[in-house]
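Shown below: coords22.tsv, with TSV, C-alpha atoms and all ligand atoms.
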```tsv
chain	number	residue	atom	x	y	z
A	28	MET	CA	-7.37	90.36	-64.64
A	29	MET	CA	-4.12	89.90	-66.59
A	30	ALA	CA	-1.87	90.03	-63.56
A	31	VAL	CA	-3.58	87.04	-62.00
A	32	SER	CA	-3.57	84.94	-65.13
A	33	ASN	CA	0.20	85.34	-65.19
A	34	LEU	CA	0.46	83.42	-61.95
A	35	SER	CA	1.97	79.95	-62.22
A	36	SER	CA	3.26	77.31	-59.87
A	37	ASP	CA	6.77	78.53	-60.57
A	38	VAL	CA	8.51	80.97	-58.29
A	39	ILE	CA	7.31	84.41	-59.19
A	40	PRO	CA	9.74	87.31	-59.23
A	41	ASP	CA	9.08	89.86	-56.47
A	42	SER	CA	8.41	92.64	-58.99
A	43	VAL	CA	5.65	90.63	-60.68
A	44	MET	CA	4.15	89.66	-57.31
A	45	LYS	CA	4.07	93.30	-56.26
A	46	ALA	CA	2.49	94.39	-59.54
A	47	ASN	CA	-0.11	91.63	-59.27
A	48	ILE	CA	-1.17	92.71	-55.79
A	49	ALA	CA	-1.37	96.37	-56.82
A	50	GLU	CA	-3.40	95.54	-59.93
A	51	ILE	CA	-5.84	93.28	-58.05
A	52	GLU	CA	-6.31	95.98	-55.42
A	53	ARG	CA	-6.92	98.72	-58.02
A	54	VAL	CA	-9.41	96.72	-60.07
A	55	SER	CA	-11.28	95.13	-57.15
A	56	LEU	CA	-11.73	98.39	-55.23
A	57	ARG	CA	-13.04	100.14	-58.33
A	58	GLU	CA	-15.50	97.33	-59.01
A	59	VAL	CA	-16.72	97.44	-55.43
A	60	ALA	CA	-17.15	101.21	-55.62
A	61	ASP	CA	-19.22	100.87	-58.81
A	62	VAL	CA	-21.58	98.15	-57.70
A	63	THR	CA	-25.12	99.38	-56.82
A	64	ASP	CA	-26.98	96.37	-55.44
A	65	MET	CA	-26.50	93.60	-52.92
A	66	ALA	CA	-26.54	90.82	-55.56
A	67	GLY	CA	-23.69	92.52	-57.45
A	68	LEU	CA	-21.80	92.94	-54.20
A	69	GLN	CA	-22.15	89.24	-53.37
A	70	GLY	CA	-20.84	88.41	-56.85
A	71	LEU	CA	-17.70	90.49	-56.19
A	72	ARG	CA	-17.17	88.85	-52.80
A	73	LEU	CA	-17.14	85.44	-54.53
A	74	LYS	CA	-14.98	86.71	-57.38
A	75	TYR	CA	-12.23	87.99	-55.06
A	76	LEU	CA	-12.56	86.18	-51.74
A	77	GLY	CA	-14.47	82.98	-52.57
A	78	ARG	CA	-12.90	79.56	-52.59
A	79	LYS	CA	-12.05	79.93	-56.27
A	80	GLY	CA	-11.55	83.67	-55.93
A	81	VAL	CA	-8.70	85.80	-57.20
A	82	VAL	CA	-7.18	86.57	-53.78
A	83	THR	CA	-7.49	82.96	-52.66
A	84	ALA	CA	-5.57	81.88	-55.75
A	85	LEU	CA	-2.95	84.51	-54.99
A	86	LEU	CA	-2.52	83.20	-51.44
A	87	ARG	CA	-1.96	79.76	-52.90
A	88	GLU	CA	0.83	81.20	-55.09
A	89	VAL	CA	2.40	82.77	-52.03
A	90	SER	CA	2.76	79.35	-50.43
A	91	GLN	CA	4.99	78.38	-53.38
A	92	GLN	CA	7.37	81.27	-52.84
A	93	PRO	CA	10.81	80.76	-51.29
A	94	PRO	CA	10.74	80.82	-47.45
A	95	GLU	CA	12.63	84.12	-47.12
A	96	SER	CA	9.96	86.11	-49.07
A	97	ARG	CA	6.89	83.95	-48.21
A	98	ALA	CA	6.08	85.73	-44.94
A	99	GLN	CA	6.39	89.13	-46.56
A	100	TRP	CA	4.00	88.24	-49.47
A	101	GLY	CA	1.64	86.43	-47.16
A	102	LYS	CA	1.31	89.59	-45.10
A	103	SER	CA	0.78	91.73	-48.22
A	104	CYS	CA	-1.86	89.32	-49.54
A	105	ASN	CA	-3.72	89.29	-46.23
A	106	GLU	CA	-3.67	93.07	-46.13
A	107	LEU	CA	-5.13	93.11	-49.65
A	108	LYS	CA	-7.77	90.63	-48.56
A	109	ASN	CA	-8.64	92.84	-45.56
A	110	ARG	CA	-8.88	95.98	-47.68
A	111	ILE	CA	-11.25	94.25	-50.11
A	112	GLU	CA	-13.22	92.88	-47.15
A	113	THR	CA	-13.49	96.37	-45.64
A	114	ALA	CA	-14.47	97.91	-48.99
A	115	LEU	CA	-17.21	95.26	-49.42
A	116	GLU	CA	-18.56	95.98	-45.90
A	117	GLU	CA	-18.60	99.72	-46.41
A	118	ARG	CA	-20.24	99.43	-49.80
A	119	SER	CA	-22.83	97.09	-48.34
A	120	SER	CA	-23.85	99.66	-45.70
A	121	VAL	CA	-24.10	102.38	-48.33
A	122	ILE	CA	-26.32	100.23	-50.58
A	123	LEU	CA	-28.55	99.22	-47.66
A	124	ALA	CA	-28.90	102.81	-46.48
A	125	SER	CA	-29.74	104.18	-49.92
A	126	GLY	CA	-32.32	101.43	-50.42
A	127	ALA	CA	-33.95	102.31	-47.10
A	128	SER	CA	-34.04	106.01	-47.82
A	129	ALA	CA	-35.40	105.36	-51.32
A	130	SER	CA	-38.27	103.33	-49.88
A	131	LEU	CA	-38.85	105.98	-47.20
A	132	LEU	CA	-38.97	108.61	-49.92
A	133	LYS	CA	-41.46	106.51	-51.84
A	134	GLN	CA	-43.74	106.29	-48.79
A	135	ALA	CA	-43.31	109.93	-47.78
A	136	ILE	CA	-46.42	112.15	-47.57
A	137	ASP	CA	-46.08	115.62	-49.03
A	138	VAL	CA	-47.91	117.67	-46.42
A	139	THR	CA	-47.88	120.73	-48.69
A	140	LEU	CA	-50.24	119.10	-51.24
A	141	PRO	CA	-53.94	120.04	-51.01
A	142	GLY	CA	-56.04	117.41	-49.21
A	143	ARG	CA	-58.41	115.02	-50.96
A	144	THR	CA	-61.87	116.23	-50.00
A	145	LEU	CA	-64.87	113.90	-50.03
A	146	PRO	CA	-67.90	115.22	-51.90
A	147	ARG	CA	-70.42	116.51	-49.37
A	148	GLY	CA	-74.10	115.66	-49.60
A	149	GLY	CA	-76.75	118.31	-49.19
A	150	ILE	CA	-80.47	118.73	-48.72
A	151	HIS	CA	-82.42	118.83	-52.00
A	152	PRO	CA	-83.71	122.37	-52.72
A	153	ILE	CA	-87.33	121.14	-52.76
A	154	VAL	CA	-86.96	119.53	-49.34
A	155	LYS	CA	-85.06	122.55	-48.04
A	156	VAL	CA	-87.74	125.07	-49.06
A	157	SER	CA	-90.53	122.70	-47.99
A	158	ASN	CA	-88.92	122.49	-44.52
A	159	GLU	CA	-88.52	126.27	-44.47
A	160	ILE	CA	-92.24	126.76	-45.23
A	161	CYS	CA	-93.26	124.24	-42.56
A	162	THR	CA	-91.07	126.04	-40.01
A	163	ILE	CA	-92.73	129.37	-40.81
A	164	PHE	CA	-96.18	127.86	-40.21
A	165	THR	CA	-95.29	125.84	-37.13
A	166	SER	CA	-93.94	129.09	-35.66
A	167	MET	CA	-97.49	130.48	-36.16
A	168	GLY	CA	-98.98	127.53	-34.24
A	169	PHE	CA	-99.79	125.19	-37.13
A	170	SER	CA	-99.37	121.41	-36.73
A	171	ILE	CA	-98.07	119.14	-39.49
A	172	ALA	CA	-100.36	116.41	-40.91
A	173	ASP	CA	-99.71	113.68	-43.44
A	174	GLY	CA	-101.88	111.81	-45.94
A	175	PRO	CA	-101.56	108.96	-48.46
A	176	GLU	CA	-100.28	109.58	-51.99
A	177	VAL	CA	-102.58	106.86	-53.37
A	178	GLU	CA	-105.97	108.28	-52.54
A	179	THR	CA	-109.60	107.39	-53.05
A	180	ASP	CA	-111.70	109.35	-55.51
A	181	SER	CA	-113.83	110.40	-52.57
A	182	TYR	CA	-111.05	112.11	-50.58
A	183	ASN	CA	-109.30	113.51	-53.63
A	184	PHE	CA	-112.47	114.83	-55.30
A	185	SER	CA	-116.03	114.19	-54.07
A	186	SER	CA	-115.62	115.26	-50.45
A	187	LEU	CA	-113.87	118.40	-51.68
A	188	ASN	CA	-117.02	119.29	-53.60
A	189	ILE	CA	-115.69	118.05	-56.94
A	190	PRO	CA	-118.42	115.59	-57.99
A	191	LYS	CA	-117.91	112.84	-60.58
A	192	ASP	CA	-118.73	113.94	-64.16
A	193	HIS	CA	-118.60	117.56	-63.08
A	194	SER	CA	-116.59	119.90	-65.30
A	195	SER	CA	-114.52	121.05	-62.28
A	196	ARG	CA	-112.67	117.69	-62.49
A	197	ASP	CA	-111.13	118.89	-65.73
A	198	MET	CA	-109.08	121.38	-63.68
A	199	GLN	CA	-106.84	118.52	-62.61
A	200	ASP	CA	-105.61	115.84	-65.03
A	201	THR	CA	-105.42	112.62	-63.08
A	202	PHE	CA	-103.52	109.32	-62.92
A	203	TYR	CA	-106.17	106.69	-62.20
A	204	VAL	CA	-105.19	103.48	-60.40
A	205	THR	CA	-108.75	102.11	-60.65
A	206	ASP	CA	-112.09	103.87	-61.25
A	207	ASP	CA	-112.18	104.87	-57.59
A	208	VAL	CA	-108.50	105.13	-56.71
A	209	VAL	CA	-106.12	107.83	-57.93
A	210	LEU	CA	-102.63	109.20	-57.33
A	211	ARG	CA	-103.63	112.30	-55.39
A	212	THR	CA	-103.65	115.36	-57.63
A	213	HIS	CA	-103.26	117.78	-54.72
A	214	THR	CA	-102.70	117.83	-50.95
A	215	SER	CA	-106.23	119.13	-50.29
A	216	PRO	CA	-107.64	115.64	-49.40
A	217	VAL	CA	-105.64	115.91	-46.16
A	218	GLN	CA	-108.19	118.62	-45.17
A	219	ILE	CA	-110.95	116.02	-45.29
A	220	ARG	CA	-108.96	113.31	-43.49
A	221	VAL	CA	-108.02	115.68	-40.65
A	222	MET	CA	-111.47	117.25	-40.29
A	223	GLU	CA	-113.15	113.83	-40.25
A	224	GLY	CA	-111.09	112.77	-37.28
A	225	THR	CA	-110.78	116.02	-35.29
A	226	ASN	CA	-112.98	118.83	-34.07
A	227	PRO	CA	-112.09	122.52	-34.48
A	228	PRO	CA	-110.10	124.57	-33.70
A	229	LEU	CA	-107.62	123.37	-36.33
A	230	ARG	CA	-104.46	124.90	-37.70
A	231	ILE	CA	-102.84	122.40	-40.08
A	232	ILE	CA	-100.06	122.37	-42.63
A	233	SER	CA	-99.53	119.32	-44.86
A	234	PRO	CA	-96.54	118.95	-47.22
A	235	GLY	CA	-96.26	116.12	-49.73
A	236	ARG	CA	-95.94	114.72	-53.23
A	237	VAL	CA	-98.77	115.02	-55.74
A	238	TYR	CA	-99.21	113.66	-59.28
A	239	ARG	CA	-100.59	114.88	-62.59
A	240	PRO	CA	-99.91	113.71	-66.16
A	241	ASP	CA	-98.02	116.85	-67.27
A	242	TRP	CA	-94.42	117.22	-68.42
A	243	ASP	CA	-92.94	120.47	-69.68
A	244	ILE	CA	-90.63	123.21	-68.40
A	245	THR	CA	-93.06	124.27	-65.66
A	246	HIS	CA	-94.89	120.96	-65.02
A	247	SER	CA	-93.66	117.62	-63.73
A	248	PRO	CA	-95.82	114.44	-63.33
A	249	MET	CA	-94.73	114.38	-59.69
A	250	PHE	CA	-94.39	117.61	-57.78
A	251	HIS	CA	-94.78	118.95	-54.26
A	252	GLN	CA	-97.51	120.95	-52.60
A	253	ILE	CA	-98.15	122.31	-49.16
A	254	GLU	CA	-101.74	122.50	-48.03
A	255	GLY	CA	-102.68	124.77	-45.17
A	256	PHE	CA	-106.00	125.36	-43.42
A	257	VAL	CA	-107.51	126.89	-40.33
A	258	VAL	CA	-110.96	126.16	-38.89
A	259	ASP	CA	-112.37	127.93	-35.86
A	260	ILE	CA	-115.20	130.21	-34.77
A	261	GLY	CA	-115.00	133.58	-36.49
A	262	VAL	CA	-112.16	132.93	-38.97
A	263	THR	CA	-112.24	135.60	-41.71
A	264	PHE	CA	-110.72	136.38	-45.07
A	265	GLY	CA	-108.69	139.03	-43.21
A	266	ASP	CA	-107.04	136.21	-41.20
A	267	LEU	CA	-106.21	134.44	-44.46
A	268	LYS	CA	-104.63	137.61	-45.87
A	269	GLY	CA	-102.60	138.22	-42.73
A	270	VAL	CA	-101.23	134.67	-42.56
A	271	LEU	CA	-100.33	134.55	-46.26
A	272	LEU	CA	-98.70	138.00	-46.17
A	273	LEU	CA	-96.49	136.96	-43.26
A	274	PHE	CA	-95.62	133.63	-44.93
A	275	LEU	CA	-94.75	135.12	-48.33
A	276	GLN	CA	-92.74	137.97	-46.82
A	277	LYS	CA	-90.69	135.46	-44.84
A	278	ILE	CA	-89.99	133.46	-48.02
A	279	PHE	CA	-89.49	136.26	-50.57
A	280	GLY	CA	-88.43	139.18	-48.38
A	281	GLU	CA	-90.00	141.75	-46.06
A	282	ASP	CA	-90.90	144.16	-48.88
A	283	THR	CA	-92.90	141.56	-50.87
A	284	ILE	CA	-96.19	142.96	-52.17
A	285	LEU	CA	-99.24	140.67	-52.62
A	286	ARG	CA	-102.29	140.79	-54.82
A	287	PHE	CA	-105.44	138.69	-54.23
A	288	ARG	CA	-107.16	137.93	-57.52
A	289	PRO	CA	-110.72	136.50	-57.53
A	290	SER	CA	-110.73	132.89	-58.76
A	291	PHE	CA	-112.62	129.63	-58.45
A	292	PHE	CA	-111.95	126.39	-56.58
A	293	PRO	CA	-114.81	123.96	-55.84
A	294	PHE	CA	-113.76	123.62	-52.16
A	295	THR	CA	-113.51	127.35	-51.33
A	296	GLU	CA	-115.96	130.24	-51.54
A	297	PRO	CA	-114.90	132.91	-52.14
A	298	SER	CA	-111.68	131.74	-53.81
A	299	ALA	CA	-108.61	133.72	-54.78
A	300	GLU	CA	-105.26	133.34	-56.43
A	301	VAL	CA	-102.37	135.16	-54.83
A	302	ASP	CA	-99.69	136.88	-56.88
A	303	ILE	CA	-96.49	138.48	-55.64
A	304	GLN	CA	-95.24	141.60	-57.32
A	305	CYS	CA	-92.33	140.78	-59.66
A	306	GLY	CA	-89.10	141.42	-57.74
A	307	ILE	CA	-87.18	142.17	-60.94
A	308	CYS	CA	-89.32	144.95	-62.49
A	309	HIS	CA	-91.30	145.88	-59.32
A	310	GLY	CA	-94.60	145.74	-61.16
A	311	SER	CA	-93.76	147.60	-64.36
A	312	GLY	CA	-93.53	144.37	-66.42
A	313	CYS	CA	-90.53	142.42	-67.69
A	314	ARG	CA	-89.68	139.07	-69.29
A	315	SER	CA	-89.65	137.19	-65.94
A	316	CYS	CA	-93.29	138.07	-65.21
A	317	SER	CA	-94.49	137.86	-68.85
A	318	HIS	CA	-94.83	141.67	-68.74
A	319	SER	CA	-97.68	141.51	-66.23
A	320	GLY	CA	-95.71	142.80	-63.23
A	321	TRP	CA	-97.03	139.88	-61.11
A	322	LEU	CA	-96.12	136.24	-60.45
A	323	GLU	CA	-98.81	133.71	-59.55
A	324	ILE	CA	-97.88	131.89	-56.35
A	325	LEU	CA	-100.83	130.04	-54.74
A	326	GLY	CA	-104.55	129.32	-54.55
A	327	CYS	CA	-106.70	129.97	-51.49
A	328	GLY	CA	-110.12	130.84	-50.17
A	329	MET	CA	-112.68	130.42	-47.41
A	330	ILE	CA	-113.61	126.75	-46.94
A	331	ASP	CA	-116.88	126.05	-48.75
A	332	PRO	CA	-119.83	125.16	-46.45
A	333	ALA	CA	-120.39	122.09	-48.66
A	334	VAL	CA	-116.98	120.75	-47.54
A	335	PHE	CA	-117.86	121.34	-43.87
A	336	ALA	CA	-121.14	119.50	-44.46
A	337	ASN	CA	-119.23	116.52	-45.94
A	338	VAL	CA	-117.21	116.10	-42.72
A	339	GLY	CA	-120.12	116.83	-40.39
A	340	TYR	CA	-119.02	120.27	-39.20
A	341	ASP	CA	-121.64	122.88	-38.34
A	342	TYR	CA	-121.06	125.50	-41.02
A	343	ASP	CA	-123.20	128.03	-39.20
A	344	LYS	CA	-120.84	127.86	-36.25
A	345	PHE	CA	-117.42	127.40	-37.84
A	346	SER	CA	-115.59	129.10	-40.62
A	347	GLY	CA	-112.15	128.51	-42.05
A	348	PHE	CA	-109.67	129.31	-44.75
A	349	ALA	CA	-107.44	127.06	-46.85
A	350	PHE	CA	-104.59	127.47	-49.29
A	351	GLY	CA	-102.39	125.28	-51.45
A	352	VAL	CA	-98.93	126.23	-52.65
A	353	GLY	CA	-96.64	124.45	-55.16
A	354	VAL	CA	-93.18	124.03	-53.67
A	355	GLU	CA	-91.38	123.81	-57.04
A	356	ARG	CA	-92.99	127.10	-58.07
A	357	VAL	CA	-91.78	128.79	-54.88
A	358	VAL	CA	-88.22	127.49	-55.37
A	359	MET	CA	-88.23	128.51	-59.05
A	360	LEU	CA	-89.34	132.06	-58.25
A	361	LYS	CA	-87.09	132.39	-55.20
A	362	TYR	CA	-83.92	131.19	-56.99
A	363	GLY	CA	-84.69	132.03	-60.63
A	364	VAL	CA	-84.85	128.41	-61.88
A	365	SER	CA	-86.47	128.37	-65.33
A	366	ASP	CA	-86.99	124.62	-65.91
A	367	ILE	CA	-88.76	122.42	-63.32
A	368	ARG	CA	-87.04	119.32	-64.73
A	369	HIS	CA	-83.71	120.41	-63.20
A	370	PHE	CA	-85.12	119.41	-59.79
A	371	PHE	CA	-85.56	115.79	-60.80
A	372	GLU	CA	-82.62	115.17	-63.12
A	373	ASN	CA	-80.42	115.52	-60.03
A	374	ASP	CA	-77.34	116.88	-61.76
A	375	VAL	CA	-75.07	117.60	-58.81
A	376	ARG	CA	-73.80	120.80	-60.47
A	377	PHE	CA	-77.37	122.15	-60.28
A	378	LEU	CA	-78.17	120.83	-56.80
A	379	GLU	CA	-74.91	122.18	-55.34
A	380	GLN	CA	-76.05	125.76	-55.90
A	381	PHE	CA	-78.63	125.77	-53.12
B	401	LIG	N1	-105.72	122.11	-54.46
B	401	LIG	C1	-105.48	123.23	-55.36
B	401	LIG	C2	-104.65	122.78	-56.54
B	401	LIG	O1	-103.94	121.85	-56.44
B	401	LIG	C3	-104.79	124.34	-54.65
B	401	LIG	C4	-105.66	124.98	-53.63
B	401	LIG	C5	-106.45	126.05	-53.99
B	401	LIG	C6	-105.73	124.47	-52.36
B	401	LIG	C7	-107.26	126.67	-53.08
B	401	LIG	C8	-106.55	125.06	-51.41
B	401	LIG	C9	-107.33	126.16	-51.80
B	401	LIG	O2	-106.64	124.64	-50.16
B	401	LIG	O3	-108.14	126.75	-50.88
B	401	LIG	O4	-104.70	123.41	-57.57
```

Could I get this structure in the form of structure tokens?
Ligand code: DAH
Amino acid sequence: MMAVSNLSSDVIPDSVMKANIAEIERVSLREVADVTDMAGLQGLRLKYLGRKGVVTALLREVSQQPPESRAQWGKSCNELKNRIETALEERSSVILASGASASLLKQAIDVTLPGRTLPRGGIHPIVKVSNEICTIFTSMGFSIADGPEVETDSYNFSSLNIPKDHSSRDMQDTFYVTDDVVLRTHTSPVQIRVMEGTNPPLRIISPGRVYRPDWDITHSPMFHQIEGFVVDIGVTFGDLKGVLLLFLQKIFGEDTILRFRPSFFPFTEPSAEVDIQCGICHGSGCRSCSHSGWLEILGCGMIDPAVFANVGYDYDKFSGFAFGVGVERVVMLKYGVSDIRHFFENDVRFLEQF
């Protein structure tokens, strides 16, 4: 600010006064135009218009000028002061406005961006298929029954005609809680519990968890079964075949073909295992069905008179059929899952596919 520093208490020649005013105006207006924040702007206000400011000092000089030119310079100085004042005001509005629009921009929502979706939960495939099976049977008039997962030896084995120390116990590896208490190895004990408390006719379905000490790609220590049974006067193996055909065709498709293979279970006589024809090779044999053309799906049979005797039913009057199906096995065959452990590792990428 050279022009200002030239000021002195002596009378200043008009030409210098004029140059000073022009120089102060040029420099101050440029500085105001360049400032970008309110603190900087306040600094300039003090620098030019404050008590010790440049323009204030200039006005003081004016008062020293001879009377004939004093009014003229006073007017010029005041005009300069007003122009700086105006420039400061205008700049202040611009800075305020740009600050506001910058913060608005920062808060703005870009409505063209894709939304943030929350991951959606789903029903576990085992529960889903288990529910599906129950619905098929309830639509045929079956009722749903429940039983405990910690079961006595008697319900789990003896009453189902599987005596202690009999080789038929070897069919089912067992978790023992005590000598007489086990984790149920199948849902069949629900047959006994229901029959003990109710008289025929009975049409029951019972889904639930069962336990066996096995762990490989087709066995899990905990898995799911659905037990089904019917007791009435005149129930035949033909009824069993009809019910299972309808059930399996609903699950695997209308053109599903069944095969009943003679088998043995202590609680049914006669007993059978049911296979469905392999849907991939249609019976000619492929890798999925171990080249047999068939896939084993469930066990069944006519309820053994010894079981009826254990619950006090008259086996000359009543007959019945029963079956037990593994839910994991159904889901694996229906969806082509090759390792049972996928169901319990709960990797969402696996579960999401159902
Ligand atoms: N409880 C048998 C098992 O877990 C399955 C079964 C077979 C159940 C035949 C039945 C039946 O009701 O009649 O291996």

Could you give me, as a JSON list (two decimals) with C-alpha atoms, in the coordinates of the input, the residues within 12 Å of Ser185 (chain A), counting all atoms listed in the file and dropping anything in the same chain fewer than 2 positions from it?
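After the write, part.json holds the following:
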```json
[["chain", "number", "residue", "atom", "x", "y", "z"],
["A", 178, "GLU", "CA", -105.97, 108.28, -52.54],
["A", 179, "THR", "CA", -109.60, 107.39, -53.05],
["A", 180, "ASP", "CA", -111.70, 109.35, -55.51],
["A", 181, "SER", "CA", -113.83, 110.40, -52.57],
["A", 182, "TYR", "CA", -111.05, 112.11, -50.58],
["A", 183, "ASN", "CA", -109.30, 113.51, -53.63],
["A", 187, "LEU", "CA", -113.87, 118.40, -51.68],
["A", 188, "ASN", "CA", -117.02, 119.29, -53.60],
["A", 189, "ILE", "CA", -115.69, 118.05, -56.94],
["A", 190, "PRO", "CA", -118.42, 115.59, -57.99],
["A", 191, "LYS", "CA", -117.91, 112.84, -60.58],
["A", 192, "ASP", "CA", -118.73, 113.94, -64.16],
["A", 193, "HIS", "CA", -118.60, 117.56, -63.08],
["A", 195, "SER", "CA", -114.52, 121.05, -62.28],
["A", 196, "ARG", "CA", -112.67, 117.69, -62.49],
["A", 207, "ASP", "CA", -112.18, 104.87, -57.59],
["A", 215, "SER", "CA", -106.23, 119.13, -50.29],
["A", 216, "PRO", "CA", -107.64, 115.64, -49.40],
["A", 219, "ILE", "CA", -110.95, 116.02, -45.29],
["A", 293, "PRO", "CA", -114.81, 123.96, -55.84],
["A", 294, "PHE", "CA", -113.76, 123.62, -52.16],
["A", 333, "ALA", "CA", -120.39, 122.09, -48.66],
["A", 334, "VAL", "CA", -116.98, 120.75, -47.54],
["A", 337, "ASN", "CA", -119.23, 116.52, -45.94],
["A", 338, "VAL", "CA", -117.21, 116.10, -42.72]]
```

All residues within 10 Å of ligand LIG 401 (chain B) are required, counting only C-alpha atoms and all ligand atoms; please report them as a compact mmCIF listing (two decimals) with C-alpha atoms, in the frame of the given file.
```
# COMPACT_ATOMS: atom_id res chain seq x y z
CA ASN A 183 -109.30 113.51 -53.63
CA PHE A 184 -112.47 114.83 -55.30
CA LEU A 187 -113.87 118.40 -51.68
CA MET A 198 -109.08 121.38 -63.68
CA GLN A 199 -106.84 118.52 -62.61
CA ARG A 211 -103.63 112.30 -55.39
CA THR A 212 -103.65 115.36 -57.63
CA HIS A 213 -103.26 117.78 -54.72
CA THR A 214 -102.70 117.83 -50.95
CA SER A 215 -106.23 119.13 -50.29
CA PRO A 216 -107.64 115.64 -49.40
CA VAL A 217 -105.64 115.91 -46.16
CA GLN A 218 -108.19 118.62 -45.17
CA VAL A 237 -98.77 115.02 -55.74
CA TYR A 238 -99.21 113.66 -59.28
CA ARG A 239 -100.59 114.88 -62.59
CA HIS A 251 -94.78 118.95 -54.26
CA GLN A 252 -97.51 120.95 -52.60
CA ILE A 253 -98.15 122.31 -49.16
CA GLU A 254 -101.74 122.50 -48.03
CA GLY A 255 -102.68 124.77 -45.17
CA PHE A 256 -106.00 125.36 -43.42
CA SER A 290 -110.73 132.89 -58.76
CA PHE A 291 -112.62 129.63 -58.45
CA PHE A 292 -111.95 126.39 -56.58
CA PRO A 293 -114.81 123.96 -55.84
CA PHE A 294 -113.76 123.62 -52.16
CA THR A 295 -113.51 127.35 -51.33
CA GLU A 296 -115.96 130.24 -51.54
CA PRO A 297 -114.90 132.91 -52.14
CA SER A 298 -111.68 131.74 -53.81
CA ALA A 299 -108.61 133.72 -54.78
CA GLU A 300 -105.26 133.34 -56.43
CA VAL A 301 -102.37 135.16 -54.83
CA LEU A 325 -100.83 130.04 -54.74
CA GLY A 326 -104.55 129.32 -54.55
CA CYS A 327 -106.70 129.97 -51.49
CA GLY A 328 -110.12 130.84 -50.17
CA MET A 329 -112.68 130.42 -47.41
CA ILE A 330 -113.61 126.75 -46.94
CA ASP A 331 -116.88 126.05 -48.75
CA GLY A 347 -112.15 128.51 -42.05
CA PHE A 348 -109.67 129.31 -44.75
CA ALA A 349 -107.44 127.06 -46.85
CA PHE A 350 -104.59 127.47 -49.29
CA GLY A 351 -102.39 125.28 -51.45
CA VAL A 352 -98.93 126.23 -52.65
CA GLY A 353 -96.64 124.45 -55.16
```

Subject >> Surrounding residues of region 147-163 of chain A excluding itself and chain neighbours under 2 positions, 9 Å, all atoms listed in the file, as a ChimeraX atom specification >> reply: /A:144-145,165-167,169-171,232-235,251-253,273-274,277-278,354-355,357-358,370,373,378-381

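From CA of Trp242 (chain A) back to CA of Arg368 (chain A), the distance works out to 8.5 Å.
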
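Using all atoms listed in the file, the smallest distance between any of A:Trp100, A:Ala129, A:Leu140, A:Leu68 and Glu117 (chain A) comes from A:Leu68.
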
**OP:** Quick one: everything within 10 Å of region 341-346 of chain A, counting all atoms listed in the file, minus sequence neighbours fewer than 4 positions away in the same chain. Send it as a PyMOL selection string.
**Re:** chain A and resi 227-228+257-264+329-336

**OP:** Could you check how far CA of Ser120 (chain A) sits from CA of Tyr75 (chain A), in Å to one decimal?
**Re:** 18.9 Å

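In this structure, CA of Thr245 (chain A) sits 11.4 Å away from CA of Leu360 (chain A).
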
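Of the residues under consideration (A:Gln69, A:Val209, A:Phe202, A:Val81), A:Val209 shows the shortest atom-to-atom contact distance to Pro175 (chain A) when counting only C-alpha atoms.
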
Original post:
Within 10 Å of Leu71 (chain A), counting all atoms listed in the file, which residues qualify if same-chain residues fewer than 2 places away don't, as a list in words?
Top reply: Ser55, Leu56, Glu58, Val59, Val62, Met65, Ala66, Gly67, Leu68, Gln69, Leu73, Lys74, Tyr75, Leu76, Gly77, Gly80, Ile111 and Leu115 of chain A

**OP:** Might you pull out every residue within 12 Å of region 38-51 of chain A, with all atoms listed in the file counted and same-chain residues fewer than 6 positions away left off, and present them as number ranges by chain?
**Re:** A: 28-32, 57-59, 74-76, 80-97, 99-108, 110-111

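Candidate residues A:Ala98, A:Lys361, A:Arg118, A:Gly269 were compared for distance to Asp61 (chain A), and the nearest is A:Arg118, using only C-alpha atoms.
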